[in-house]
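Listing of query_20.txt; format and content: compact mmCIF, C-alpha atoms.
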# COMPACT_ATOMS: atom_id res chain seq x y z
CA MET A 1 29.73 -42.25 10.53
CA ALA A 2 27.29 -44.83 9.19
CA MET A 3 23.87 -43.44 8.33
CA SER A 4 20.63 -45.23 9.15
CA SER A 5 18.50 -46.72 6.41
CA GLN A 6 15.75 -44.21 7.25
CA HIS A 7 18.16 -41.29 6.81
CA ILE A 8 19.17 -42.62 3.41
CA GLN A 9 15.51 -43.09 2.41
CA LEU A 10 14.59 -39.56 3.48
CA ILE A 11 17.52 -37.95 1.69
CA GLN A 12 16.83 -39.95 -1.48
CA SER A 13 13.14 -39.00 -1.30
CA PHE A 14 14.06 -35.34 -1.03
CA LYS A 15 16.49 -35.51 -3.92
CA LYS A 16 13.60 -36.63 -6.13
CA VAL A 17 11.65 -33.40 -5.52
CA ILE A 18 14.52 -30.93 -5.98
CA PRO A 19 13.85 -28.96 -9.18
CA PRO A 20 16.61 -29.53 -11.75
CA LEU A 21 18.75 -26.62 -12.90
CA LEU A 22 18.01 -26.36 -16.62
CA PHE A 23 18.71 -23.65 -19.19
CA ASP A 24 15.12 -23.54 -20.45
CA THR A 25 13.37 -22.93 -17.09
CA HIS A 26 11.84 -19.58 -16.12
CA LYS A 27 12.28 -17.30 -13.13
CA GLY A 28 10.11 -18.52 -10.29
CA GLU A 29 9.78 -22.17 -11.29
CA ALA A 30 12.05 -23.27 -8.44
CA GLY A 31 9.87 -21.52 -5.89
CA ARG A 32 8.34 -18.16 -5.07
CA ILE A 33 8.35 -17.82 -1.29
CA GLY A 34 6.58 -15.26 0.89
CA VAL A 35 7.86 -14.33 4.36
CA VAL A 36 5.28 -12.66 6.59
CA GLY A 37 7.12 -10.89 9.39
CA GLY A 38 9.38 -8.01 10.24
CA SER A 39 8.55 -5.26 12.72
CA GLU A 40 10.22 -2.16 14.10
CA GLU A 41 12.10 -4.19 16.72
CA TYR A 42 12.82 -7.31 14.66
CA THR A 43 14.19 -6.94 11.15
CA GLY A 44 16.90 -9.60 11.25
CA ALA A 45 14.57 -12.60 11.55
CA PRO A 46 12.72 -12.12 8.22
CA ILE A 47 16.06 -11.44 6.54
CA PHE A 48 17.51 -14.72 7.81
CA ALA A 49 14.40 -16.66 6.76
CA SER A 50 14.32 -15.02 3.33
CA MET A 51 18.00 -15.40 2.54
CA SER A 52 17.93 -19.01 3.75
CA ALA A 53 15.11 -19.75 1.31
CA PHE A 54 17.24 -18.17 -1.42
CA ARG A 55 20.36 -20.11 -0.48
CA THR A 56 18.37 -23.35 -0.38
CA GLY A 57 17.33 -22.75 -3.97
CA ALA A 58 14.13 -20.68 -4.18
CA ASP A 59 14.02 -18.26 -7.12
CA LEU A 60 12.11 -15.33 -5.61
CA VAL A 61 11.39 -14.20 -2.06
CA HIS A 62 8.81 -11.60 -1.05
CA VAL A 63 8.85 -10.09 2.45
CA PHE A 64 5.57 -8.73 3.81
CA CYS A 65 6.58 -6.54 6.75
CA THR A 66 5.48 -3.48 8.70
CA THR A 67 6.20 0.04 7.45
CA HIS A 68 9.06 0.65 9.91
CA ALA A 69 10.80 -2.61 8.98
CA ALA A 70 10.85 -2.07 5.24
CA ILE A 71 13.92 0.13 4.81
CA PRO A 72 16.28 -2.01 6.95
CA ILE A 73 15.14 -5.14 5.11
CA LYS A 74 15.38 -3.50 1.69
CA SER A 75 18.85 -2.23 2.59
CA PHE A 76 20.15 -5.68 3.43
CA SER A 77 19.84 -7.15 -0.06
CA PRO A 78 18.55 -6.09 -3.46
CA ASP A 79 17.46 -9.71 -3.96
CA LEU A 80 14.51 -9.25 -1.60
CA ILE A 81 11.14 -7.94 -2.78
CA VAL A 82 9.76 -5.98 0.17
CA HIS A 83 6.13 -5.03 0.77
CA PRO A 84 5.52 -2.72 3.78
CA ILE A 85 1.88 -3.72 4.21
CA LEU A 86 1.75 -5.92 7.32
CA ASP A 87 0.33 -3.12 9.50
CA SER A 88 -1.89 -1.70 6.76
CA LYS A 89 -5.68 -1.54 6.83
CA SER A 90 -5.67 -2.81 3.25
CA PHE A 91 -3.47 -5.82 4.10
CA SER A 92 -6.04 -8.47 3.13
CA ASP A 93 -6.79 -6.86 -0.24
CA ASP A 94 -3.08 -6.42 -0.94
CA MET A 95 -2.27 -10.03 -0.05
CA ASN A 96 -5.08 -11.31 -2.26
CA LYS A 97 -3.19 -9.80 -5.18
CA TRP A 98 0.08 -11.52 -4.29
CA LEU A 99 -0.98 -14.94 -3.03
CA PRO A 100 -1.65 -16.41 -6.50
CA ARG A 101 2.00 -15.75 -7.34
CA LEU A 102 3.42 -17.55 -4.31
CA HIS A 103 4.19 -21.23 -3.81
CA ALA A 104 4.73 -21.21 -0.03
CA LEU A 105 4.65 -18.91 3.00
CA VAL A 106 6.61 -18.50 6.21
CA ILE A 107 4.59 -16.74 8.91
CA GLY A 108 6.25 -15.46 12.06
CA PRO A 109 9.90 -14.36 11.80
CA GLY A 110 10.13 -10.95 13.43
CA LEU A 111 6.34 -10.69 13.48
CA GLY A 112 6.06 -9.11 16.92
CA ARG A 113 2.84 -8.97 18.89
CA ASP A 114 1.19 -5.78 17.72
CA LYS A 115 -2.59 -6.28 17.76
CA THR A 116 -3.12 -4.85 14.28
CA VAL A 117 -0.42 -7.09 12.81
CA LEU A 118 -1.74 -10.22 14.52
CA SER A 119 -5.25 -9.40 13.37
CA ASN A 120 -3.98 -9.11 9.81
CA VAL A 121 -2.25 -12.48 10.09
CA GLU A 122 -5.50 -14.04 11.30
CA LYS A 123 -7.22 -12.68 8.20
CA LEU A 124 -4.41 -14.01 6.03
CA ILE A 125 -4.76 -17.53 7.42
CA ASP A 126 -8.50 -17.36 6.80
CA ILE A 127 -7.85 -16.34 3.19
CA LEU A 128 -5.39 -19.22 2.77
CA ARG A 129 -7.90 -21.74 4.10
CA GLN A 130 -10.48 -20.62 1.54
CA GLN A 131 -8.23 -21.54 -1.37
CA ASP A 132 -9.10 -24.64 -3.38
CA LYS A 133 -5.62 -25.99 -2.69
CA PRO A 134 -4.04 -24.14 0.27
CA ILE A 135 -0.36 -23.44 -0.34
CA PRO A 136 2.27 -24.84 2.04
CA VAL A 137 2.72 -22.72 5.16
CA VAL A 138 5.46 -22.78 7.79
CA ILE A 139 4.58 -21.07 11.09
CA ASP A 140 7.40 -20.07 13.43
CA ALA A 141 8.32 -17.63 16.21
CA ASP A 142 5.56 -15.11 17.07
CA GLY A 143 3.34 -16.85 14.55
CA LEU A 144 3.33 -19.73 17.04
CA HIS A 145 2.32 -17.31 19.80
CA LEU A 146 -0.77 -16.45 17.77
CA ILE A 147 -1.55 -20.13 17.14
CA THR A 148 -1.15 -20.92 20.84
CA GLU A 149 -3.70 -18.22 21.62
CA LYS A 150 -6.06 -19.41 18.86
CA PRO A 151 -5.28 -23.00 17.76
CA GLY A 152 -8.44 -23.20 15.70
CA LEU A 153 -6.89 -20.88 13.14
CA ILE A 154 -4.87 -23.71 11.62
CA ASN A 155 -6.84 -26.76 12.68
CA ASN A 156 -6.95 -29.25 9.78
CA TYR A 157 -4.73 -27.11 7.52
CA VAL A 158 -3.17 -30.05 5.70
CA ASN A 159 -0.20 -28.22 4.19
CA CYS A 160 0.92 -26.50 7.40
CA ILE A 161 4.06 -27.15 9.45
CA LEU A 162 4.44 -25.68 12.94
CA THR A 163 8.05 -25.35 14.13
CA PRO A 164 8.03 -24.90 17.92
CA ASN A 165 11.12 -25.10 20.10
CA GLY A 166 10.83 -26.81 23.49
CA PRO A 167 9.09 -24.05 25.49
CA GLU A 168 6.86 -23.09 22.54
CA PHE A 169 5.82 -26.73 22.17
CA GLU A 170 4.99 -27.04 25.87
CA ARG A 171 2.75 -23.95 25.78
CA LEU A 172 0.97 -25.08 22.62
CA TYR A 173 0.53 -28.65 23.90
CA GLU A 174 -0.91 -27.39 27.17
CA LYS A 175 -3.36 -25.13 25.32
CA VAL A 176 -4.54 -27.85 22.93
CA MET A 177 -4.26 -30.99 25.06
CA GLY A 178 -4.76 -29.54 28.54
CA VAL A 179 -1.57 -31.13 29.86
CA LYS A 180 0.70 -28.86 31.91
CA SER A 181 4.39 -28.62 31.04
CA GLU A 182 5.54 -30.40 34.22
CA ASP A 183 3.35 -33.36 33.33
CA GLN A 184 4.61 -33.32 29.72
CA LYS A 185 8.16 -33.66 31.03
CA LYS A 186 7.23 -36.98 32.65
CA GLU A 187 6.70 -38.43 29.18
CA LYS A 188 9.90 -40.25 28.19
CA ASP A 189 9.01 -40.61 24.51
CA LYS A 190 8.82 -37.03 23.16
CA THR A 191 8.00 -38.31 19.70
CA GLN A 192 4.60 -39.43 20.95
CA LEU A 193 3.84 -35.97 22.33
CA ALA A 194 4.56 -34.50 18.90
CA GLN A 195 2.38 -37.17 17.26
CA LYS A 196 -0.51 -36.52 19.65
CA LEU A 197 -0.39 -32.78 18.94
CA ALA A 198 -0.20 -33.37 15.18
CA ASP A 199 -3.23 -35.65 15.40
CA ALA A 200 -5.18 -33.20 17.56
CA LEU A 201 -4.55 -30.15 15.37
CA ARG A 202 -4.47 -32.05 12.05
CA VAL A 203 -1.27 -30.26 11.04
CA ASN A 204 2.41 -31.22 10.81
CA ILE A 205 4.78 -30.60 13.70
CA LEU A 206 8.54 -30.03 13.62
CA MET A 207 9.49 -29.94 17.30
CA LYS A 208 12.98 -28.46 17.53
CA GLY A 209 15.45 -29.66 20.11
CA HIS A 210 18.58 -31.74 20.60
CA LEU A 211 16.74 -34.19 18.37
CA ASP A 212 14.24 -32.64 15.97
CA VAL A 213 10.95 -34.57 15.95
CA ILE A 214 8.77 -34.49 12.84
CA ALA A 215 5.16 -35.72 13.01
CA SER A 216 2.25 -35.74 10.56
CA PRO A 217 -1.42 -36.45 11.36
CA ASP A 218 -2.38 -40.15 11.44
CA ASN A 219 1.06 -41.14 10.17
CA GLN A 220 2.01 -42.91 13.40
CA GLN A 221 5.64 -42.77 12.31
CA PRO A 222 7.16 -39.61 13.79
CA ILE A 223 10.75 -39.34 12.68
CA GLN A 224 13.78 -37.76 14.30
CA CYS A 225 16.72 -35.82 12.95
CA GLY A 226 19.76 -36.17 15.13
CA ILE A 227 22.43 -34.97 12.69
CA ASP A 228 25.18 -33.18 14.58
CA GLY A 229 24.76 -29.41 14.50
CA SER A 230 26.51 -26.80 16.62
CA PRO A 231 26.66 -26.24 20.38
CA ARG A 232 26.39 -22.52 19.64
CA ARG A 233 22.90 -21.16 20.38
CA CYS A 234 23.14 -17.74 18.71
CA GLY A 235 19.89 -16.13 17.59
CA GLY A 236 18.65 -16.56 14.04
CA GLN A 237 19.20 -20.27 13.49
CA GLY A 238 15.48 -21.02 13.83
CA ASP A 239 14.78 -18.39 11.18
CA LEU A 240 17.29 -20.04 8.86
CA LEU A 241 15.48 -23.34 9.37
CA ALA A 242 12.09 -21.75 8.64
CA GLY A 243 13.30 -20.32 5.33
CA ALA A 244 15.00 -23.53 4.23
CA LEU A 245 11.88 -25.46 5.21
CA ALA A 246 9.60 -23.21 3.15
CA ALA A 247 11.65 -23.86 0.01
CA SER A 248 11.93 -27.59 0.73
CA TYR A 249 8.23 -27.95 1.54
CA CYS A 250 7.28 -26.05 -1.59
CA TRP A 251 9.22 -28.58 -3.68
CA ALA A 252 7.95 -31.62 -1.76
CA VAL A 253 4.31 -30.63 -2.25
CA LYS A 254 4.68 -29.30 -5.79
CA ASN A 255 6.79 -32.14 -7.17
CA GLY A 256 5.65 -34.99 -4.92
CA ASP A 257 2.63 -36.00 -7.03
CA GLN A 258 4.79 -36.47 -10.09
CA ASN A 259 7.16 -38.75 -8.18
CA GLN A 260 4.29 -40.78 -6.72
CA GLN A 261 3.09 -41.44 -10.26
CA SER A 262 6.59 -42.46 -11.28
CA ASN A 263 6.80 -44.84 -8.32
CA SER A 264 3.44 -46.43 -9.17
CA ASP A 265 4.81 -47.29 -12.62
CA LYS A 266 7.50 -49.33 -10.88
CA SER A 267 5.13 -51.09 -8.49
CA SER A 268 6.30 -54.51 -9.60
CA LYS A 269 9.65 -53.76 -7.99
CA THR A 270 8.23 -52.71 -4.64
CA THR A 271 10.33 -53.76 -1.66
CA GLU A 272 9.79 -53.41 2.05
CA GLN A 273 12.12 -50.40 2.04
CA GLN A 274 10.08 -48.69 -0.68
CA ALA A 275 6.89 -49.42 1.25
CA ASN A 276 8.30 -47.70 4.32
CA THR A 277 9.32 -44.71 2.23
CA SER A 278 5.83 -44.37 0.79
CA LYS A 279 4.47 -43.80 4.31
CA LEU A 280 6.49 -40.63 4.63
CA THR A 281 4.57 -37.41 4.10
CA PRO A 282 5.82 -34.43 2.03
CA ALA A 283 6.07 -32.48 5.28
CA GLN A 284 8.31 -35.13 6.87
CA ILE A 285 10.55 -35.36 3.81
CA ALA A 286 10.90 -31.58 3.59
CA ALA A 287 11.38 -31.05 7.33
CA TYR A 288 14.02 -33.77 7.60
CA ALA A 289 15.92 -32.32 4.66
CA ALA A 290 15.74 -28.77 6.00
CA SER A 291 16.76 -29.85 9.49
CA THR A 292 19.69 -31.83 8.09
CA LEU A 293 20.73 -28.89 5.92
CA ILE A 294 20.74 -26.29 8.69
CA ARG A 295 22.31 -28.60 11.27
CA THR A 296 25.11 -29.54 8.89
CA SER A 297 25.60 -25.90 7.84
CA SER A 298 25.78 -24.89 11.49
CA GLN A 299 28.34 -27.60 12.18
CA ALA A 300 30.50 -26.44 9.27
CA SER A 301 30.27 -22.84 10.44
CA PHE A 302 31.11 -23.74 14.03
CA ASN A 303 34.14 -25.72 12.88
CA ARG A 304 35.34 -22.58 11.17
CA HIS A 305 34.41 -19.89 13.72
CA GLY A 306 33.96 -21.65 17.05
CA ARG A 307 32.46 -19.57 19.83
CA SER A 308 32.32 -16.45 17.64
CA MET A 309 29.93 -18.05 15.15
CA ILE A 310 26.77 -16.08 14.33
CA SER A 311 23.85 -16.93 12.07
CA THR A 312 25.22 -14.80 9.24
CA ASP A 313 28.14 -17.26 9.16
CA VAL A 314 25.73 -20.22 8.99
CA LEU A 315 23.88 -18.59 6.10
CA LYS A 316 27.07 -18.61 4.04
CA GLU A 317 27.41 -22.36 4.50
CA ILE A 318 23.93 -23.29 3.26
CA GLY A 319 24.75 -23.29 -0.47
CA PRO A 320 27.91 -25.43 -0.27
CA THR A 321 26.30 -27.74 2.29
CA PHE A 322 23.21 -28.24 0.10
CA ALA A 323 25.45 -29.28 -2.78
CA LYS A 324 27.35 -31.80 -0.63
CA LEU A 325 24.20 -33.32 0.87
CA PHE A 326 21.84 -33.45 -2.05
CA GLU A 327 23.71 -32.96 -5.31
CA ASN A 328 26.86 -35.08 -5.03
Serialized structure, structure tokens:
Amino acid sequence: MAMSSQHIQLIQSFKKVIPPLLFDTHKGEAGRIGVVGGSEEYTGAPIFASMSAFRTGADLVHVFCTTHAAIPIKSFSPDLIVHPILDSKSFSDDMNKWLPRLHALVIGPGLGRDKTVLSNVEKLIDILRQQDKPIPVVIDADGLHLITEKPGLINNYVNCILTPNGPEFERLYEKVMGVKSEDQKKEKDKTQLAQKLADALRVNILMKGHLDVIASPDNQQPIQCGIDGSPRRCGGQGDLLAGALAASYCWAVKNGDQNQQSNSDKSSKTTEQQANTSKLTPAQIAAYAASTLIRTSSQASFNRHGRSMISTDVLKEIGPTFAKLFEN
């Protein structure tokens, strides 16, 4: 199947920010990711997000979960560094110690809706906003529930990506824009809804659906990812996307400045295609890459397992799929 010029541009842009595998690098240079989530009821979601970040290429993943979630998460993999502090009174102080070591955060997988936990997440976001250069943050699942209740928490957080599915987007849009879901459905161009919400909140939006829509504030060029995925709707695939996105976004923000400098040195060779690429934001580049990765991994897994496919099967495909998409 022929790929569009925009798809090629986005994939090439992402390839430029992938950290090279070299023998003289140190542990953590390819990304130290924090996953904030995991409760007594939901331990699978933070595992999927964490392991997806690993399989995408992050070096270290820390999980900040509640006390009851720690043992199941620890038991899944010795690769995960687990901190049972999410429901602790000292959560803010504890996180202040760890944040300087992290390159990106995922907030939401398996978070639940316990009042103490949500209060701690509010405090965490406030801490993040006080940093000189706020680290990239991906907010998913019950993290989006919190944002829908209190949109001001992330307003104008430049390095933030919200990842709502259809119903989550409708609730958030109604809260922020005052437009009810039935009226939203009258809008034929869903990309413009995503753009309006991104502009209103001053954050990036990855609206998940049959076509994923990715919008950044003031960009006016929302993009879509329509790569074939899987018709299977088993739980956990959104968590896989959140983890892959955290790693990708970490790289896009961390390594993007260097590539912009490299491109400016070649300004004499600027073409219309290069000009269009320069309009893309790090969030759009990372989100398109992550969406493509998980969709293609899901497709490969479905081809193998069919109706019996589960997200654990998709997780196994991420490494080989990443190599085919971005390293060949």
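Each of A:Ile161, A:Gly319, A:Ile8, A:Val253 was compared to A:Ala287 using only C-alpha atoms, and A:Ile161 turns out to be the nearest.
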### Task
Point out the residue among A:Cys234, A:Ile125, A:Ala290, A:Ala200 with the least atom-to-atom distance to A:Thr312, counting only C-alpha atoms.
A:Cys234
### 7 Å contact set for A:Asn165, only C-alpha atoms, chain neighbours under 2 positions out, as a VMD selection string
chain A and resid 163 167 to 169 207 to 209
Go ahead and save the picked residues with C-alpha atoms, as an mmCIF file, in the frame of the given file.
data_model
loop_
_atom_site.group_PDB
_atom_site.id
_atom_site.type_symbol
_atom_site.label_atom_id
_atom_site.label_comp_id
_atom_site.auth_asym_id
_atom_site.auth_seq_id
_atom_site.Cartn_x
_atom_site.Cartn_y
_atom_site.Cartn_z
ATOM 1 C CA THR A 163 8.050 -25.350 14.130
ATOM 2 C CA PRO A 167 9.090 -24.050 25.490
ATOM 3 C CA GLU A 168 6.860 -23.090 22.540
ATOM 4 C CA PHE A 169 5.820 -26.730 22.170
ATOM 5 C CA MET A 207 9.490 -29.940 17.300
ATOM 6 C CA LYS A 208 12.980 -28.460 17.530
ATOM 7 C CA GLY A 209 15.450 -29.660 20.110
#
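Comparing A:Met51, A:Ile154, A:Ile127, A:Leu118 by their smallest distance to A:Ala246, the closest is A:Met51 (using all atoms listed in the file).
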### Query
Hey, what's within 10 Å of A:Lys89 if we count only C-alpha atoms and toss same-chain stuff fewer than 5 positions away? As an MDAnalysis selection string, please?
chainID A and resid 94 116:117 120
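When the distance limit is 12 Å and only C-alpha atoms are what count, the residues near A:Lys316, minus those fewer than 6 positions from it on the same chain, are Phe48, Met51, Ser52, Phe54, Arg55, Thr56, Leu240, Ile294, Ser297, Ser298, Ala300, Ser301, Phe302, Arg304, Met309, Ile310 and Phe322 of chain A.
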Grab the residues selected above and save them as a PDB file, keeping the file's coordinate frame with C-alpha atoms.
ATOM      1  CA  PHE A  48      17.510 -14.720   7.810  1.00  0.00           C
ATOM      2  CA  MET A  51      18.000 -15.400   2.540  1.00  0.00           C
ATOM      3  CA  SER A  52      17.930 -19.010   3.750  1.00  0.00           C
ATOM      4  CA  PHE A  54      17.240 -18.170  -1.420  1.00  0.00           C
ATOM      5  CA  ARG A  55      20.360 -20.110  -0.480  1.00  0.00           C
ATOM      6  CA  THR A  56      18.370 -23.350  -0.380  1.00  0.00           C
ATOM      7  CA  LEU A 240      17.290 -20.040   8.860  1.00  0.00           C
ATOM      8  CA  ILE A 294      20.740 -26.290   8.690  1.00  0.00           C
ATOM      9  CA  SER A 297      25.600 -25.900   7.840  1.00  0.00           C
ATOM     10  CA  SER A 298      25.780 -24.890  11.490  1.00  0.00           C
ATOM     11  CA  ALA A 300      30.500 -26.440   9.270  1.00  0.00           C
ATOM     12  CA  SER A 301      30.270 -22.840  10.440  1.00  0.00           C
ATOM     13  CA  PHE A 302      31.110 -23.740  14.030  1.00  0.00           C
ATOM     14  CA  ARG A 304      35.340 -22.580  11.170  1.00  0.00           C
ATOM     15  CA  MET A 309      29.930 -18.050  15.150  1.00  0.00           C
ATOM     16  CA  ILE A 310      26.770 -16.080  14.330  1.00  0.00           C
ATOM     17  CA  PHE A 322      23.210 -28.240   0.100  1.00  0.00           C
TER      18      PHE A 322
END
Would you mind listing what lies within 12 Å of A:His210 as a JSON list (two decimals) with C-alpha atoms, keeping the file's coordinate frame, with all atoms listed in the file counted and same-chain residues fewer than 2 positions away left out?
[["chain", "number", "residue", "atom", "x", "y", "z"],
["A", 165, "ASN", "CA", 11.12, -25.10, 20.10],
["A", 166, "GLY", "CA", 10.83, -26.81, 23.49],
["A", 190, "LYS", "CA", 8.82, -37.03, 23.16],
["A", 207, "MET", "CA", 9.49, -29.94, 17.30],
["A", 208, "LYS", "CA", 12.98, -28.46, 17.53],
["A", 212, "ASP", "CA", 14.24, -32.64, 15.97],
["A", 213, "VAL", "CA", 10.95, -34.57, 15.95],
["A", 224, "GLN", "CA", 13.78, -37.76, 14.30],
["A", 225, "CYS", "CA", 16.72, -35.82, 12.95],
["A", 226, "GLY", "CA", 19.76, -36.17, 15.13],
["A", 227, "ILE", "CA", 22.43, -34.97, 12.69],
["A", 228, "ASP", "CA", 25.18, -33.18, 14.58],
["A", 229, "GLY", "CA", 24.76, -29.41, 14.50],
["A", 230, "SER", "CA", 26.51, -26.80, 16.62],
["A", 231, "PRO", "CA", 26.66, -26.24, 20.38],
["A", 233, "ARG", "CA", 22.90, -21.16, 20.38],
["A", 291, "SER", "CA", 16.76, -29.85, 9.49],
["A", 295, "ARG", "CA", 22.31, -28.60, 11.27]]
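Nearest residue to A:Ala283, choosing from A:Gln299, A:Thr25, A:Asn159, A:Gln130 and counting all atoms listed in the file: A:Asn159.
Within 10 Å of A:Gly34, once only C-alpha atoms are used and residues closer than 4 positions along the same chain are dropped, the contacting residues are Ala49, Ser50, Ala53, Leu60, Val61, His62, Val63, Phe64, Ile81, Val82, Trp98, Leu99, Arg101, Leu102, His103, Ala104, Leu105, Val106, Ile107, Val137, Gly243 and Ala246 of chain A.
Distance-wise, atom CA of A:Glu122 and atom CA of A:Phe76 end up 28.1 Å apart.
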Would you save stretch 294-301 of chain A from the block above with all heavy atoms, as a CSV table (one decimal), in the first residue's frame?
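Output below, filename part.csv:
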chain,number,residue,atom,x,y,z
A,294,ILE,N,1.7,1.0,17.7
A,294,ILE,CA,0.8,0.1,18.4
A,294,ILE,C,-0.2,-0.5,17.4
A,294,ILE,O,-0.6,-1.6,17.5
A,294,ILE,CB,0.1,0.9,19.6
A,294,ILE,CG1,1.2,1.3,20.6
A,294,ILE,CG2,-0.9,0.0,20.2
A,294,ILE,CD1,2.0,0.2,21.1
A,295,ARG,N,-0.7,0.3,16.5
A,295,ARG,CA,-1.6,-0.2,15.5
A,295,ARG,C,-1.0,-1.3,14.7
A,295,ARG,O,-1.6,-2.3,14.4
A,295,ARG,CB,-2.1,1.0,14.5
A,295,ARG,CG,-3.1,1.9,15.1
A,295,ARG,CD,-3.3,3.1,14.2
A,295,ARG,NE,-4.4,4.0,14.7
A,295,ARG,CZ,-5.6,3.9,14.2
A,295,ARG,NH1,-5.9,3.1,13.2
A,295,ARG,NH2,-6.6,4.7,14.6
A,296,THR,N,0.2,-1.1,14.2
A,296,THR,CA,0.9,-2.1,13.4
A,296,THR,C,1.2,-3.4,14.3
A,296,THR,O,1.1,-4.5,13.8
A,296,THR,CB,2.2,-1.6,12.8
A,296,THR,OG1,1.9,-0.3,12.1
A,296,THR,CG2,2.8,-2.6,11.8
A,297,SER,N,1.6,-3.2,15.5
A,297,SER,CA,1.8,-4.3,16.4
A,297,SER,C,0.5,-5.1,16.6
A,297,SER,O,0.5,-6.3,16.7
A,297,SER,CB,2.3,-3.8,17.8
A,297,SER,OG,3.6,-3.2,17.6
A,298,SER,N,-0.6,-4.4,16.8
A,298,SER,CA,-1.9,-5.0,17.0
A,298,SER,C,-2.3,-5.8,15.8
A,298,SER,O,-2.8,-6.9,15.9
A,298,SER,CB,-2.9,-3.9,17.3
A,298,SER,OG,-4.2,-4.5,17.5
A,299,GLN,N,-2.0,-5.2,14.6
A,299,GLN,CA,-2.4,-5.9,13.4
A,299,GLN,C,-1.6,-7.2,13.2
A,299,GLN,O,-2.1,-8.3,12.9
A,299,GLN,CB,-2.1,-5.0,12.2
A,299,GLN,CG,-2.4,-5.7,10.8
A,299,GLN,CD,-1.9,-4.8,9.7
A,299,GLN,OE1,-0.7,-4.4,9.6
A,299,GLN,NE2,-2.8,-4.5,8.8
A,300,ALA,N,-0.3,-7.2,13.6
A,300,ALA,CA,0.6,-8.4,13.5
A,300,ALA,C,0.1,-9.4,14.5
A,300,ALA,O,0.1,-10.6,14.2
A,300,ALA,CB,2.0,-8.0,13.8
A,301,SER,N,-0.3,-9.0,15.7
A,301,SER,CA,-0.8,-9.9,16.7
A,301,SER,C,-2.1,-10.5,16.3
A,301,SER,O,-2.3,-11.8,16.4
A,301,SER,CB,-0.9,-9.2,18.0
A,301,SER,OG,-1.3,-10.1,19.0
